[in-house]
>>> print(open('data_29.cif').read())   # mmCIF, C-alpha atoms and all ligand atoms
data_coords
#
loop_
_atom_site.label_atom_id
_atom_site.label_comp_id
_atom_site.auth_asym_id
_atom_site.auth_seq_id
_atom_site.Cartn_x
_atom_site.Cartn_y
_atom_site.Cartn_z
CA MET A 233 35.01 164.20 42.91
CA VAL A 234 33.74 164.05 46.50
CA ARG A 235 37.09 165.06 48.07
CA ALA A 236 37.05 168.34 46.16
CA ARG A 237 33.75 169.32 47.80
CA PHE A 238 35.54 169.59 51.13
CA HIS A 239 39.24 170.17 50.42
CA ALA A 240 41.58 171.90 47.98
CA PRO A 241 42.95 169.33 45.52
CA ASP A 242 46.60 169.56 46.60
CA ALA A 243 46.02 170.14 50.33
CA CYS A 244 46.12 167.68 53.18
CA THR A 245 46.55 167.82 56.95
CA TYR A 246 48.31 165.69 59.53
CA MET A 247 48.60 165.34 63.28
CA LEU A 248 51.50 164.22 65.46
CA MET A 249 49.99 162.09 68.19
CA ARG A 250 50.39 159.10 70.47
CA ILE A 251 48.07 156.46 71.78
CA ILE A 252 48.41 155.92 75.51
CA ASN A 253 47.61 152.31 76.29
CA TYR A 254 46.84 152.86 79.97
CA THR A 255 45.99 149.22 80.71
CA ASN A 256 46.33 145.96 78.80
CA VAL A 257 43.98 144.01 81.07
CA CYS A 258 40.82 143.09 79.19
CA VAL A 259 37.95 140.65 79.49
CA ALA A 260 36.57 141.09 75.95
CA GLN A 261 38.78 138.39 74.36
CA CYS A 262 38.45 139.54 70.75
CA ASP A 263 40.12 136.94 68.55
CA TYR A 264 41.84 139.62 66.40
CA CYS A 265 43.75 141.08 69.36
CA ALA A 266 47.38 140.47 70.35
CA PHE A 267 47.39 143.13 73.05
CA TYR A 268 45.32 142.02 75.98
CA THR A 269 46.04 140.07 79.16
CA LEU A 270 43.24 138.53 81.19
CA PRO A 271 42.77 139.72 84.79
CA GLY A 272 45.22 137.95 87.10
CA GLN A 273 47.52 136.86 84.27
CA GLU A 274 51.20 137.73 84.28
CA GLY A 275 52.12 140.88 82.38
CA GLY A 276 48.94 142.86 83.11
CA TYR A 277 49.51 146.53 83.88
CA VAL A 278 47.79 149.83 84.65
CA LEU A 279 49.87 152.97 84.04
CA SER A 280 50.22 155.42 86.92
CA ASP A 281 49.26 159.07 86.44
CA ALA A 282 52.98 159.90 86.47
CA GLN A 283 53.60 157.46 83.61
CA VAL A 284 50.71 158.96 81.63
CA PHE A 285 52.03 162.48 82.17
CA ALA A 286 55.55 161.43 81.12
CA LYS A 287 54.15 160.09 77.84
CA ILE A 288 52.24 163.31 77.23
CA ASP A 289 55.27 165.45 78.06
CA GLU A 290 57.37 163.48 75.58
CA LEU A 291 54.80 164.05 72.85
CA LEU A 292 54.58 167.78 73.58
CA GLU A 293 58.37 168.02 73.38
CA LEU A 294 58.26 166.43 69.93
CA GLY A 295 55.70 169.04 68.82
CA GLY A 296 52.54 166.91 68.96
CA ASP A 297 49.44 167.90 70.91
CA LEU A 298 46.96 165.03 70.68
CA VAL A 299 46.80 161.78 72.62
CA GLY A 300 44.26 158.99 72.44
CA PHE A 301 43.62 156.81 75.47
CA ASN A 302 43.06 153.19 74.52
CA GLY A 303 43.22 150.20 76.82
CA GLY A 304 41.23 147.10 77.65
CA PHE A 305 37.98 146.32 79.42
CA ASN A 306 39.60 146.18 82.86
CA PRO A 307 37.03 145.26 85.54
CA ALA A 308 39.33 146.57 88.31
CA LEU A 309 39.03 150.17 87.04
CA PRO A 310 35.80 151.95 88.03
CA LEU A 311 34.32 154.95 86.24
CA GLU A 312 35.80 157.21 88.94
CA TYR A 313 39.32 156.14 87.91
CA TYR A 314 38.73 157.47 84.41
CA CYS A 315 36.99 160.67 85.49
CA GLU A 316 39.83 161.45 87.89
CA LEU A 317 42.50 160.66 85.29
CA PHE A 318 40.89 162.82 82.59
CA ALA A 319 40.22 165.69 85.01
CA ALA A 320 43.88 165.54 86.07
CA VAL A 321 45.06 165.63 82.42
CA ARG A 322 42.78 168.57 81.63
CA ALA A 323 43.88 170.44 84.77
CA ARG A 324 47.57 169.88 84.05
CA TYR A 325 47.61 170.66 80.32
CA GLY A 326 44.54 172.84 79.71
CA ASP A 327 44.13 173.75 76.04
CA ARG A 328 47.78 172.96 75.21
CA LEU A 329 46.73 169.37 74.63
CA GLU A 330 43.64 167.63 73.32
CA PHE A 331 42.86 164.06 74.12
CA TYR A 332 40.60 161.40 72.73
CA ALA A 333 39.34 159.91 75.99
CA LEU A 334 38.87 156.26 75.16
CA THR A 335 37.28 154.50 72.26
CA ILE A 336 33.56 154.08 72.17
CA ALA A 337 34.04 150.36 72.86
CA GLU A 338 35.68 151.12 76.22
CA PHE A 339 33.07 153.79 76.90
CA MET A 340 30.26 151.23 76.49
CA TYR A 341 32.00 148.72 78.73
CA LEU A 342 32.49 151.36 81.44
CA ALA A 343 28.85 152.43 81.31
CA ASP A 344 27.69 148.82 81.63
CA HIS A 345 30.21 148.14 84.38
CA ALA A 346 29.01 151.22 86.31
CA LYS A 347 25.37 150.23 85.62
CA LEU A 348 24.70 153.63 84.07
CA ASP A 349 23.09 154.48 80.76
CA TYR A 350 25.26 155.86 77.98
CA LEU A 351 23.96 159.43 78.25
CA THR A 352 24.63 159.67 81.99
CA THR A 353 28.11 158.21 81.49
CA ALA A 354 28.86 160.65 78.66
CA LYS A 355 27.79 163.58 80.84
CA ARG A 356 30.04 162.36 83.66
CA PHE A 357 32.96 162.38 81.22
CA LYS A 358 32.06 165.81 79.95
CA ASP A 359 32.03 167.13 83.51
CA ALA A 360 35.53 165.67 83.92
CA GLY A 361 36.84 167.78 81.03
CA VAL A 362 36.47 165.26 78.22
CA ARG A 363 35.63 166.66 74.76
CA TRP A 364 36.24 163.71 72.45
CA ILE A 365 35.59 159.98 72.43
CA THR A 366 36.48 158.22 69.19
CA GLY A 367 34.54 155.60 67.28
CA GLY A 368 37.50 153.22 67.75
CA GLY A 369 36.77 149.56 68.35
CA SER A 370 34.11 149.39 65.66
CA GLU A 371 36.08 147.10 63.30
CA ILE A 372 33.24 145.83 61.09
CA LEU A 373 29.77 146.92 62.12
CA THR A 374 27.64 143.89 61.39
CA GLU A 375 26.06 141.73 64.06
CA ASP A 376 27.40 138.59 62.43
CA PHE A 377 31.00 139.86 62.41
CA ARG A 378 30.73 140.77 66.07
CA ARG A 379 29.34 137.31 66.96
CA ARG A 380 32.18 135.65 65.03
CA HIS A 381 35.05 137.62 66.53
CA SER A 382 34.17 139.73 69.57
CA LYS A 383 31.01 138.40 71.12
CA PHE A 384 31.76 139.94 74.54
CA LYS A 385 32.16 143.46 73.16
CA TYR A 386 28.84 145.00 72.07
CA THR A 387 26.16 144.79 69.42
CA VAL A 388 25.94 147.15 66.47
CA LYS A 389 22.67 148.48 67.89
CA GLN A 390 24.41 149.38 71.15
CA TYR A 391 27.28 151.01 69.22
CA PHE A 392 24.96 153.49 67.52
CA GLU A 393 22.98 154.09 70.74
CA ALA A 394 26.27 155.01 72.41
CA GLN A 395 27.31 157.27 69.51
CA ARG A 396 23.97 159.05 69.78
CA ALA A 397 24.43 159.54 73.53
CA LEU A 398 27.90 161.06 73.04
CA ILE A 399 26.53 163.57 70.56
CA GLU A 400 23.53 164.37 72.77
CA ALA A 401 25.86 164.98 75.71
CA GLY A 402 27.84 167.49 73.64
CA LEU A 403 30.93 165.35 73.13
CA ARG A 404 32.58 165.01 69.74
CA SER A 405 33.01 161.67 68.04
CA THR A 406 34.46 160.01 64.96
CA ALA A 407 33.84 156.94 62.82
CA THR A 408 36.35 154.18 62.25
CA MET A 409 36.60 150.91 60.36
CA VAL A 410 39.13 148.11 60.06
CA VAL A 411 39.36 145.91 56.98
CA GLY A 412 41.30 142.77 56.22
CA PHE A 413 39.79 140.21 58.62
CA ASP A 414 37.53 137.60 57.03
CA GLU A 415 34.74 140.10 56.39
CA THR A 416 32.81 139.87 53.16
CA ILE A 417 32.39 142.73 50.70
CA GLU A 418 28.73 142.85 51.74
CA GLU A 419 29.81 143.36 55.36
CA ARG A 420 32.10 146.23 54.36
CA ILE A 421 29.23 147.86 52.50
CA GLU A 422 26.88 147.33 55.46
CA HIS A 423 29.39 149.10 57.72
CA LEU A 424 29.60 152.06 55.36
CA GLU A 425 25.85 152.18 54.86
CA ARG A 426 25.08 152.19 58.61
CA THR A 427 27.70 154.88 59.19
CA ARG A 428 26.33 156.98 56.36
CA GLN A 429 22.76 156.67 57.64
CA PHE A 430 23.83 157.61 61.16
CA GLN A 431 25.66 160.66 59.86
CA ASP A 432 22.62 161.69 57.81
CA GLU A 433 20.53 161.57 60.99
CA THR A 434 22.98 163.25 63.38
CA GLY A 435 25.80 164.99 61.50
CA GLY A 436 27.91 164.29 64.59
CA LEU A 437 30.88 162.37 63.15
CA ALA A 438 33.89 164.60 62.54
CA SER A 439 35.94 162.15 60.52
CA PHE A 440 36.27 158.59 59.23
CA LEU A 441 39.49 156.65 59.76
CA CYS A 442 40.00 153.26 58.16
CA TRP A 443 42.98 151.01 58.80
CA THR A 444 43.99 147.43 58.06
CA PHE A 445 43.99 144.42 60.36
CA LYS A 446 47.46 143.43 61.49
CA PRO A 447 47.20 139.65 61.89
CA TYR A 448 50.48 138.77 63.59
CA PHE A 449 50.36 137.04 66.99
CA THR A 450 46.55 137.07 66.98
CA PRO A 451 44.35 133.94 67.13
CA LEU A 452 42.35 135.07 64.09
CA GLY A 453 45.53 135.86 62.16
CA SER A 454 46.86 132.31 62.71
CA GLN A 455 43.51 130.89 61.67
CA LEU A 456 43.55 132.94 58.45
CA GLY A 457 47.15 132.01 57.62
CA GLY A 458 48.66 135.31 58.82
CA ILE A 459 48.06 137.17 55.58
CA GLU A 460 47.61 140.95 55.52
CA ILE A 461 45.61 142.60 52.78
CA GLY A 462 47.77 144.58 50.39
CA THR A 463 48.04 148.36 50.11
CA GLY A 464 46.21 148.28 46.77
CA GLU A 465 43.11 146.75 48.32
CA TYR A 466 43.29 149.24 51.20
CA LEU A 467 43.52 152.18 48.81
CA ARG A 468 40.55 150.98 46.78
CA HIS A 469 38.55 150.68 49.98
CA LEU A 470 39.54 154.23 50.97
CA ALA A 471 38.30 155.46 47.59
CA LEU A 472 35.02 153.62 48.05
CA SER A 473 34.68 155.10 51.56
CA ARG A 474 35.27 158.63 50.26
CA ILE A 475 32.55 158.23 47.65
CA TYR A 476 30.10 156.44 49.96
CA LEU A 477 30.55 158.71 52.97
CA ASP A 478 29.96 161.96 51.15
CA ASN A 479 28.42 163.37 54.33
CA ILE A 480 31.64 163.11 56.40
CA PRO A 481 34.09 165.90 55.62
CA ARG A 482 37.35 164.28 56.65
CA ILE A 483 38.65 160.89 55.48
CA ARG A 484 41.86 159.81 57.20
CA THR A 485 44.45 157.38 55.93
CA SER A 486 46.42 155.13 58.31
CA VAL A 487 50.17 155.66 58.52
CA LEU A 488 50.16 153.41 61.58
CA THR A 489 49.26 150.31 59.58
CA GLN A 490 50.46 151.25 56.07
CA ASN A 491 53.54 153.38 56.89
CA GLU A 492 54.36 156.02 54.29
CA ARG A 493 52.43 154.17 51.58
CA ALA A 494 49.32 155.33 53.46
CA LEU A 495 50.03 158.72 51.90
CA GLU A 496 48.97 157.27 48.55
CA GLY A 497 45.52 157.33 50.14
CA LEU A 498 45.55 161.07 49.40
CA LEU A 499 45.26 160.12 45.73
CA TYR A 500 42.29 157.91 46.63
CA GLY A 501 40.16 160.48 48.43
CA ALA A 502 41.77 160.83 51.88
CA ASP A 503 42.77 164.28 53.11
CA ASP A 504 44.29 163.71 56.55
CA PHE A 505 46.70 161.38 58.37
CA ASP A 506 48.30 160.83 61.78
CA LEU A 507 51.97 160.56 62.53
CA PRO A 508 51.77 158.28 65.57
CA ILE A 509 54.68 157.79 67.95
CA GLU A 510 53.15 154.87 69.84
CA ASP A 511 50.24 152.46 69.78
CA GLU A 512 50.95 149.23 71.58
CA VAL A 513 47.74 147.55 70.38
CA THR A 514 48.67 147.58 66.70
CA GLN A 515 52.42 147.34 67.34
CA LYS A 516 51.88 144.06 69.20
CA ALA A 517 50.02 142.75 66.15
CA GLY A 518 52.86 143.69 63.78
CA ALA A 519 52.58 147.44 63.06
CA THR A 520 55.89 149.30 62.84
CA ILE A 521 56.23 152.98 63.60
CA ASN A 522 58.57 155.19 61.60
CA LEU A 523 59.73 158.12 63.71
CA GLN A 524 61.42 159.73 60.67
CA PHE A 525 58.48 162.06 60.16
CA ASP A 526 60.36 164.11 57.57
CA LYS A 527 60.49 161.04 55.33
CA VAL A 528 56.71 160.62 55.52
CA LEU A 529 56.07 164.32 54.89
CA THR A 530 58.52 164.34 51.98
CA TYR A 531 56.59 161.46 50.46
CA ALA A 532 53.39 163.53 50.69
CA LYS A 533 55.19 166.32 48.85
CA SER A 534 56.46 163.95 46.17
CA LEU A 535 52.85 162.94 45.55
CA GLY A 536 51.95 166.59 44.99
CA TYR A 537 50.42 167.46 48.37
CA THR A 538 51.21 170.25 50.78
CA ALA A 539 50.75 168.81 54.26
CA THR A 540 49.73 171.27 57.00
CA TYR A 541 49.82 170.46 60.70
CA ARG A 542 46.31 170.18 62.14
CA SER A 543 46.07 170.93 65.84
CA VAL A 544 42.88 169.55 67.38
CA ALA A 545 43.82 171.42 70.57
CA LYS A 546 44.25 174.83 68.91
CA ASP A 547 41.30 174.39 66.54
CA GLY A 548 39.07 173.43 69.48
CA ALA A 549 40.23 176.40 71.57
CA ALA A 550 39.62 178.79 68.66
CA SER A 551 36.21 177.28 68.06
CA ARG A 552 35.19 177.64 71.71
CA ALA A 553 36.37 181.26 71.63
CA GLY A 554 34.19 181.82 68.56
CA THR A 555 37.11 182.95 66.43
CA GLN A 556 37.11 180.00 64.04
CA PRO A 557 34.66 177.35 62.94
CA ALA A 558 35.02 173.89 64.54
S1 LIG B 1 40.62 144.63 70.87
FE1 LIG B 1 40.29 145.86 72.74
S2 LIG B 1 38.42 145.06 73.60
FE2 LIG B 1 39.17 143.48 72.19
S3 LIG B 1 40.46 142.10 73.44
FE3 LIG B 1 41.82 143.67 72.57
S4 LIG B 1 41.93 145.23 74.16
FE4 LIG B 1 40.14 143.98 74.61
#
>>> encode(input="data_29.cif", output="structure tokens")
Amino acid sequence: MVRARFHAPDACTYMLMRIINYTNVCVAQCDYCAFYTLPGQEGGYVLSDAQVFAKIDELLELGGDLVGFNGGFNPALPLEYYCELFAAVRARYGDRLEFYALTIAEFMYLADHAKLDYLTTAKRFKDAGVRWITGGGSEILTEDFRRRHSKFKYTVKQYFEAQRALIEAGLRSTATMVVGFDETIEERIEHLERTRQFQDETGGLASFLCWTFKPYFTPLGSQLGGIEIGTGEYLRHLALSRIYLDNIPRIRTSVLTQNERALEGLLYGADDFDLPIEDEVTQKAGATINLQFDKVLTYAKSLGYTATYRSVAKDGAASRAGTQPA
């Protein structure tokens, strides 16, 4: 079994984290999104630094130490805004906190908006104290899927060029996938195959996280009749991902979209999960967050797994100090 090559059979890890949705203004207009507001429309917001810090402080008080920044493609926010925000977060929290600075989709938009190439942009972020950018926003990596649903976002070719630039700049990255739109089985396989090939070439992807499309209040969801794929189909896809991506050590299962049933993913090859306290993007499309973390962890135990807290902040600090492998 592929999982056993990387992890003890009854072991799994988890993180307590929050997504900080710093702006909901976006020009990408993906038809699977219930989160965004167009520039100038009522309800658009950009969080202040004080609001960002308050969200981080709340997470730290709960015992978590990882945040992910995820917003929209907001043309009013220049690259400098992000560099200053991330530098301020790093200066204030140091190694007590780690943060995923944006998804790769936002990273690509920012680079284009600033008229810079991906490598230069990645280096600017690194200089601002950034260590991670996630592969979020990849959904299904086929050109046809992107033309059907998010034609203003990026091409698959650009996605992998950007991933390569992040790795070359010395940033860390991850792979993601979302299933349950109208994608075909062939498209799911193409996504896995491209990810696998990229990892074979670079070895730069730390983990693979797959979650399910929440269709509520989205244009695509209404078009498809508002039906979510079931947990069984999700679990089978996780198992397929674990077998296919045998060059990525960590496969993560999505509590955010599957609640505690996501833990059954541990039986299907996953080894890691998040306990999120907030993610407005998926919550607006119908995700519900269970803050009774004990209940989730007890479920892991009932399935036969010992869940250990995984601190990206502490692991990273130990790795940089040379006392522990990354
Ligand atoms: S999914 Fe992201 S990029 Fe697409 S419209 Fe929503 S906020 Fe914008």
>>> residues_near_ligand(input="data_29.cif", ligand="ligand LIG 1 (chain B)", cutoff="8 Å", atoms="all atoms listed in the file", output="PDB file with C-alpha atoms, keeping the file's coordinate frame")
ATOM      1  CA  ASN A 256      46.330 145.960  78.800  1.00  0.00           C
ATOM      2  CA  VAL A 257      43.980 144.010  81.070  1.00  0.00           C
ATOM      3  CA  CYS A 258      40.820 143.090  79.190  1.00  0.00           C
ATOM      4  CA  VAL A 259      37.950 140.650  79.490  1.00  0.00           C
ATOM      5  CA  ALA A 260      36.570 141.090  75.950  1.00  0.00           C
ATOM      6  CA  GLN A 261      38.780 138.390  74.360  1.00  0.00           C
ATOM      7  CA  CYS A 262      38.450 139.540  70.750  1.00  0.00           C
ATOM      8  CA  ASP A 263      40.120 136.940  68.550  1.00  0.00           C
ATOM      9  CA  TYR A 264      41.840 139.620  66.400  1.00  0.00           C
ATOM     10  CA  CYS A 265      43.750 141.080  69.360  1.00  0.00           C
ATOM     11  CA  ALA A 266      47.380 140.470  70.350  1.00  0.00           C
ATOM     12  CA  PHE A 267      47.390 143.130  73.050  1.00  0.00           C
ATOM     13  CA  TYR A 268      45.320 142.020  75.980  1.00  0.00           C
ATOM     14  CA  GLY A 303      43.220 150.200  76.820  1.00  0.00           C
ATOM     15  CA  GLY A 304      41.230 147.100  77.650  1.00  0.00           C
ATOM     16  CA  PHE A 305      37.980 146.320  79.420  1.00  0.00           C
ATOM     17  CA  ALA A 337      34.040 150.360  72.860  1.00  0.00           C
ATOM     18  CA  GLU A 338      35.680 151.120  76.220  1.00  0.00           C
ATOM     19  CA  GLY A 369      36.770 149.560  68.350  1.00  0.00           C
ATOM     20  CA  SER A 382      34.170 139.730  69.570  1.00  0.00           C
ATOM     21  CA  LYS A 385      32.160 143.460  73.160  1.00  0.00           C
ATOM     22  CA  VAL A 513      47.740 147.550  70.380  1.00  0.00           C
TER      23      VAL A 513
END
>>> closest_residue(input="data_29.cif", among="A:Asp503, A:Asp547, A:Glu375, A:Glu312", to="His345 of chain A", atoms="all atoms listed in the file")
A:Glu312
>>> residues_around(input="data_29.cif", residues="Ile461 of chain A", least_positions_apart="5", cutoff="10 Å", atoms="all atoms listed in the file", output="list in words")
Val411, Gly412, Phe413, Thr444, Phe445, Lys446, Pro447 and Tyr466 of chain A
>>> axis_aligned_box(input="data_29.cif", around="segment 538-542 of chain A", padding_each_side="8 Å", output="AutoDock Vina command-line options")
--center_x 48.8 --center_y 170.0 --center_z 56.5 --size_x 20.9 --size_y 18.5 --size_z 27.4
>>> closest_residue(input="data_29.cif", among="A:Pro310, A:Gly501, A:Gly436, A:Gly453", to="Ser405 of chain A", atoms="only C-alpha atoms")
A:Gly436
>>> closest_residue(input="data_29.cif", among="A:Ile475, A:Ile372, A:Ile521, A:Ala397", to="Glu415 of chain A", atoms="all atoms listed in the file")
A:Ile372
>>> closest_residue(input="data_29.cif", among="A:Leu317, A:Ala360, A:Leu470, A:Ala539", to="Val410 of chain A", atoms="only C-alpha atoms")
A:Leu470
>>> atom_distance(input="data_29.cif", atom1="atom CA of Thr427 of chain A", atom2="atom CA of Gly300 of chain A")
21.6 Å
>>> closest_residue(input="data_29.cif", among="A:Met247, A:Leu495, A:Val321, A:Cys315", to="Gln283 of chain A", atoms="only C-alpha atoms")
A:Val321
>>> closest_residue(input="data_29.cif", among="A:Phe318, A:Phe301, A:Phe285, A:Tyr541", to="Arg250 of chain A", atoms="all atoms listed in the file")
A:Phe301
>>> residues_around(input="data_29.cif", residues="Tyr448 of chain A", least_positions_apart="6", cutoff="7 Å", atoms="all atoms listed in the file", output="list in words")
Gly458, Ala517 and Gly518 of chain A
